[in-house]
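*Asks:* Below you'll find the structure I mean.
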Amino acid sequence: MREIQFRDAIKEAMSEEMRRDENVYLMGEEVAEYNGAYKASQGMLDEFGPKRVIDTPIAELGFAGIGVGSAMNGLRPIIEFMTFNFSLVAIDQIINSAAKIMAMSAGQYSAPMVFRGPTGNAGQLGAQHSSNFENWYANTPGLKVVIPSNPYDAKGLLKSSIRDNDPVIFMESEQMYGDKGEVPESEYLIPIGKANVMEQGSDVTIVSFGKMIPRVVLPAVEELKKDGVSVELIDLRTVRPIDYDTVIQSVKKTNRCVVVEEGAPVASLSAELGYYIQRNAFDYLDAPVVRVNSMDIPLNYAPTLIEATLPNPQRVVEAVKKVMYK
């Protein structure tokens, strides 16, 4: 199977869906003439033209609102934010319009659309460009929230998101656009709401998603294997809806769980998972669920402080040893 970059998997998903359905279009800052801020739409303007690959001013509230209105009228827009930090400018359109129009119109209108772009830390970009908004959007009824961890998942999940009849928040990572992975040339879809058990294990369940998987969790798993620890690794893929059943069945087998999330700990997805596990698998737990999150501070610019703030493989190893009483 061929290997392609994450950015190319995103481009292929959008291009294939635009060829399949003339109602699909892409809109955002620098998506057209510049081929995308991260080159995730390279060549798409040449193929689809300026009516379907649309450059916008720096006005997220405006073009998000245009996208919502067009979705309500039968189109299927893909709205790209250069980073989800900038989606805060458009959050009223996302939460009060796109997410709620189906319920508020009693089913007369829907907003089948995708809001996509990178989330979280991408290096030394300062606190205002380094936030995680997965839990914010997952807290909103009416939205689906998808966070792929590799090129294969990115393509299959994005195609499913574009076809979905609900508004989907599709979160990527600036640090992952150059990551390579095996992606089939033939068409495939990955269902929204179904987690991926990446590794079978018997000693402890690790649950995570997004770039934490390749950057933090997989290196920790390899280190733990050296100590003879058998890890069952679950990539959630989507955090609304969450595939609770897969997580619970795994915890019932391993009796221990560590949840790894880049976001801050308060009101986090890891807190939600910890609650759900103790509520539905309490009698199977041999240790309390342990979370690995970023420290509860704005992310600093200094690389030493970034390293001290974010989850890392060593913190995951220590968390696993804690639940195993090692």
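Here, A, B, ... name the chains of the structure tokens in the order displayed, residue numbers run from 1 inside each chain, and ligands are numbered from 1 in the same displayed order.
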Write out as a ChimeraX atom specification which residues come within 12 Å of region 214-219 of chain A when counting only C-alpha atoms, dropping same-chain ones fewer than 2 positions away.

*Replies:* /A:121-122,148-151,173,175-176,179-181,198-199,205-212,221-226,231-235,258-262,292-293,307,310-317,319-320

*Asks:* Would you mind listing what lies within 9 Å of Gln124 (chain A) as a JSON list (two decimals) with N, CA, C and O atoms, in the first residue's frame, with only C-alpha atoms counted and same-chain residues fewer than 6 positions away left out?

*Replies:*
[["chain", "number", "residue", "atom", "x", "y", "z"],
["A", 130, "SER", "N", -2.47, 28.02, 20.80],
["A", 130, "SER", "CA", -2.08, 26.70, 21.29],
["A", 130, "SER", "C", -3.16, 26.00, 22.11],
["A", 130, "SER", "O", -2.87, 25.03, 22.81],
["A", 300, "ASN", "N", 3.12, 28.35, 27.55],
["A", 300, "ASN", "CA", 4.15, 29.36, 27.40],
["A", 300, "ASN", "C", 4.88, 29.22, 26.06],
["A", 300, "ASN", "O", 4.76, 28.22, 25.36],
["A", 301, "TYR", "N", 5.68, 30.24, 25.75],
["A", 301, "TYR", "CA", 6.45, 30.23, 24.50],
["A", 301, "TYR", "C", 7.76, 29.46, 24.64],
["A", 301, "TYR", "O", 8.19, 28.79, 23.71],
["A", 302, "ALA", "N", 8.39, 29.53, 25.79],
["A", 302, "ALA", "CA", 9.71, 28.91, 25.99],
["A", 302, "ALA", "C", 9.62, 27.40, 25.82],
["A", 302, "ALA", "O", 8.74, 26.76, 26.40],
["A", 303, "PRO", "N", 10.53, 26.80, 25.04],
["A", 303, "PRO", "CA", 10.46, 25.36, 24.79],
["A", 303, "PRO", "C", 10.58, 24.53, 26.06],
["A", 303, "PRO", "O", 9.97, 23.46, 26.16],
["A", 306, "ILE", "N", 7.15, 24.60, 27.54],
["A", 306, "ILE", "CA", 6.26, 23.75, 26.74],
["A", 306, "ILE", "C", 6.43, 22.29, 27.13],
["A", 306, "ILE", "O", 5.47, 21.55, 27.35]]

*Asks:* Taking only C-alpha atoms into account, name the residue in A:Asn255, A:Tyr244, A:Met1, A:Pro167 that is nearest to Tyr275 (chain A).

*Replies:*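 Going through A:Asn255, A:Tyr244, A:Met1, A:Pro167 one by one, the smallest distance to Tyr275 (chain A) is for A:Tyr244.
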
*Asks:* Can you tell me how far CA of Pro118 (chain A) sits from CA of Ala32 (chain A), in Å to one decimal?

*Replies:*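 The value is 17.7 Å.
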
*Asks:* Work out how far apart CA of Thr140 (chain A) and CA of Ser160 (chain A) are and give it in Å to one decimal.

*Replies:*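 One can read the CA of Thr140 (chain A) to CA of Ser160 (chain A) distance as 19.9 Å.
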
*Asks:* Please give the complete set of residues from region 8-244 of chain A that DSSP, run on the backbone, assigns to strand (DSSP E), formatted as a ChimeraX atom specification.

*Replies:* /A:24-28,53-55,76-80,114-118,144-146,168-172,180-182,196-199,204-208,231-235,238-240

*Asks:* Go ahead and write the selection's residues with N, CA and C atoms as a tab-separated table (two decimals), in the first residue's frame.

*Replies:*
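Once everything was written out, this is result_34.tsv:
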chain	number	residue	atom	x	y	z
A	24	VAL	N	-20.71	20.02	-2.69
A	24	VAL	CA	-19.62	20.19	-1.74
A	24	VAL	C	-18.68	21.28	-2.23
A	25	TYR	N	-18.30	22.19	-1.34
A	25	TYR	CA	-17.30	23.21	-1.69
A	25	TYR	C	-16.44	23.51	-0.48
A	26	LEU	N	-15.27	24.11	-0.73
A	26	LEU	CA	-14.30	24.46	0.32
A	26	LEU	C	-14.17	25.97	0.41
A	27	MET	N	-14.20	26.50	1.64
A	27	MET	CA	-14.07	27.93	1.83
A	27	MET	C	-13.23	28.21	3.07
A	28	GLY	N	-12.33	29.20	2.96
A	28	GLY	CA	-11.53	29.59	4.10
A	28	GLY	C	-10.38	30.48	3.68
A	53	VAL	N	-13.74	26.48	-4.62
A	53	VAL	CA	-12.60	26.61	-3.70
A	53	VAL	C	-12.42	28.11	-3.51
A	54	ILE	N	-12.87	28.61	-2.36
A	54	ILE	CA	-13.12	30.04	-2.20
A	54	ILE	C	-12.22	30.65	-1.13
A	55	ASP	N	-11.38	31.59	-1.54
A	55	ASP	CA	-10.59	32.35	-0.57
A	55	ASP	C	-11.48	33.39	0.12
A	76	ARG	N	-23.13	21.61	0.82
A	76	ARG	CA	-22.41	20.87	1.86
A	76	ARG	C	-21.01	21.49	1.99
A	77	PRO	N	-20.92	22.62	2.67
A	77	PRO	CA	-19.64	23.33	2.73
A	77	PRO	C	-18.62	22.67	3.65
A	78	ILE	N	-17.34	22.84	3.29
A	78	ILE	CA	-16.22	22.54	4.17
A	78	ILE	C	-15.61	23.89	4.53
A	79	ILE	N	-15.71	24.27	5.78
A	79	ILE	CA	-15.19	25.56	6.25
A	79	ILE	C	-13.87	25.32	6.95
A	80	GLU	N	-12.79	25.87	6.41
A	80	GLU	CA	-11.47	25.67	7.02
A	80	GLU	C	-11.10	26.87	7.89
A	114	VAL	N	-18.86	20.69	7.36
A	114	VAL	CA	-17.67	20.35	8.13
A	114	VAL	C	-16.90	21.62	8.43
A	115	PHE	N	-16.59	21.83	9.70
A	115	PHE	CA	-15.64	22.86	10.12
A	115	PHE	C	-14.33	22.15	10.41
A	116	ARG	N	-13.26	22.46	9.67
A	116	ARG	CA	-12.03	21.70	9.88
A	116	ARG	C	-10.82	22.63	9.98
A	117	GLY	N	-9.75	22.10	10.58
A	117	GLY	CA	-8.52	22.84	10.78
A	117	GLY	C	-7.78	22.27	11.97
A	118	PRO	N	-6.59	22.79	12.27
A	118	PRO	CA	-5.77	22.24	13.36
A	118	PRO	C	-6.17	22.75	14.74
A	144	LYS	N	-20.98	16.89	15.90
A	144	LYS	CA	-20.12	15.72	16.01
A	144	LYS	C	-18.68	16.22	15.97
A	145	VAL	N	-17.79	15.57	16.72
A	145	VAL	CA	-16.41	16.03	16.84
A	145	VAL	C	-15.47	14.88	16.53
A	146	VAL	N	-14.67	15.05	15.47
A	146	VAL	CA	-13.81	13.99	14.94
A	146	VAL	C	-12.36	14.45	15.04
A	168	VAL	N	-20.18	18.79	11.52
A	168	VAL	CA	-19.06	18.04	12.08
A	168	VAL	C	-17.89	18.98	12.32
A	169	ILE	N	-17.32	18.91	13.52
A	169	ILE	CA	-16.06	19.59	13.83
A	169	ILE	C	-14.94	18.58	13.57
A	170	PHE	N	-14.07	18.88	12.63
A	170	PHE	CA	-13.02	17.94	12.23
A	170	PHE	C	-11.68	18.56	12.58
A	171	MET	N	-11.01	18.01	13.61
A	171	MET	CA	-9.83	18.64	14.18
A	171	MET	C	-8.56	17.89	13.80
A	172	GLU	N	-7.61	18.63	13.27
A	172	GLU	CA	-6.34	18.09	12.80
A	172	GLU	C	-5.21	18.60	13.70
A	180	LYS	N	3.49	10.62	7.60
A	180	LYS	CA	3.18	9.69	6.53
A	180	LYS	C	2.51	8.43	7.08
A	181	GLY	N	1.64	7.84	6.28
A	181	GLY	CA	0.98	6.59	6.66
A	181	GLY	C	0.40	5.91	5.44
A	182	GLU	N	0.08	4.64	5.59
A	182	GLU	CA	-0.49	3.87	4.50
A	182	GLU	C	-1.96	4.24	4.30
A	196	ASN	N	-11.07	2.78	17.56
A	196	ASN	CA	-10.16	1.80	16.96
A	196	ASN	C	-9.28	1.20	18.06
A	197	VAL	N	-9.37	-0.10	18.25
A	197	VAL	CA	-8.48	-0.78	19.19
A	197	VAL	C	-7.17	-1.04	18.44
A	198	MET	N	-6.19	-0.16	18.66
A	198	MET	CA	-4.95	-0.22	17.89
A	198	MET	C	-4.05	-1.37	18.32
A	199	GLU	N	-4.09	-1.70	19.61
A	199	GLU	CA	-3.29	-2.82	20.12
A	199	GLU	C	-4.10	-3.56	21.17
A	204	VAL	N	-3.43	-3.19	31.04
A	204	VAL	CA	-3.95	-1.84	31.25
A	204	VAL	C	-4.50	-1.31	29.94
A	205	THR	N	-5.58	-0.53	30.03
A	205	THR	CA	-6.16	0.14	28.87
A	205	THR	C	-5.67	1.59	28.84
A	206	ILE	N	-5.15	2.02	27.70
A	206	ILE	CA	-4.83	3.43	27.49
A	206	ILE	C	-5.79	3.96	26.43
A	207	VAL	N	-6.49	5.05	26.76
A	207	VAL	CA	-7.44	5.68	25.85
A	207	VAL	C	-6.92	7.06	25.48
A	208	SER	N	-6.91	7.37	24.18
A	208	SER	CA	-6.44	8.68	23.75
A	208	SER	C	-7.02	8.97	22.36
A	231	VAL	N	-0.29	-3.54	26.99
A	231	VAL	CA	-1.20	-2.39	26.89
A	231	VAL	C	-2.26	-2.65	25.83
A	232	GLU	N	-3.50	-2.37	26.18
A	232	GLU	CA	-4.58	-2.31	25.17
A	232	GLU	C	-4.78	-0.84	24.84
A	233	LEU	N	-4.52	-0.47	23.60
A	233	LEU	CA	-4.55	0.94	23.19
A	233	LEU	C	-5.79	1.23	22.36
A	234	ILE	N	-6.57	2.20	22.82
A	234	ILE	CA	-7.80	2.59	22.13
A	234	ILE	C	-7.66	4.02	21.62
A	235	ASP	N	-7.81	4.18	20.31
A	235	ASP	CA	-7.87	5.50	19.68
A	235	ASP	C	-9.35	5.83	19.51
A	238	THR	N	-13.31	9.68	17.47
A	238	THR	CA	-14.30	10.75	17.63
A	238	THR	C	-14.59	10.93	19.12
A	239	VAL	N	-14.76	12.19	19.51
A	239	VAL	CA	-15.05	12.47	20.92
A	239	VAL	C	-16.47	12.97	21.13
A	240	ARG	N	-17.24	13.11	20.07
A	240	ARG	CA	-18.69	13.21	20.14
A	240	ARG	C	-19.25	12.68	18.84

*Asks:* Could you work out how far CA of Gly201 (chain A) lies from CA of Glu272 (chain A), giving the answer in Å with one decimal?

*Replies:*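 According to the coordinates, CA of Glu272 (chain A) and CA of Gly201 (chain A) are separated by 23.1 Å.
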
*Asks:* Which of these residues is nearest to Thr246 (chain A), using only C-alpha atoms: A:Ala195, A:Val266, A:Leu273, A:Leu189?

*Replies:* A:Ala195

*Asks:* Name the closest residue to Met44 (chain A) among the candidates A:Thr56, A:Asn23, A:Ser15, A:Thr304; distances are taken between atoms, counting only C-alpha atoms.

*Replies:* A:Ser15
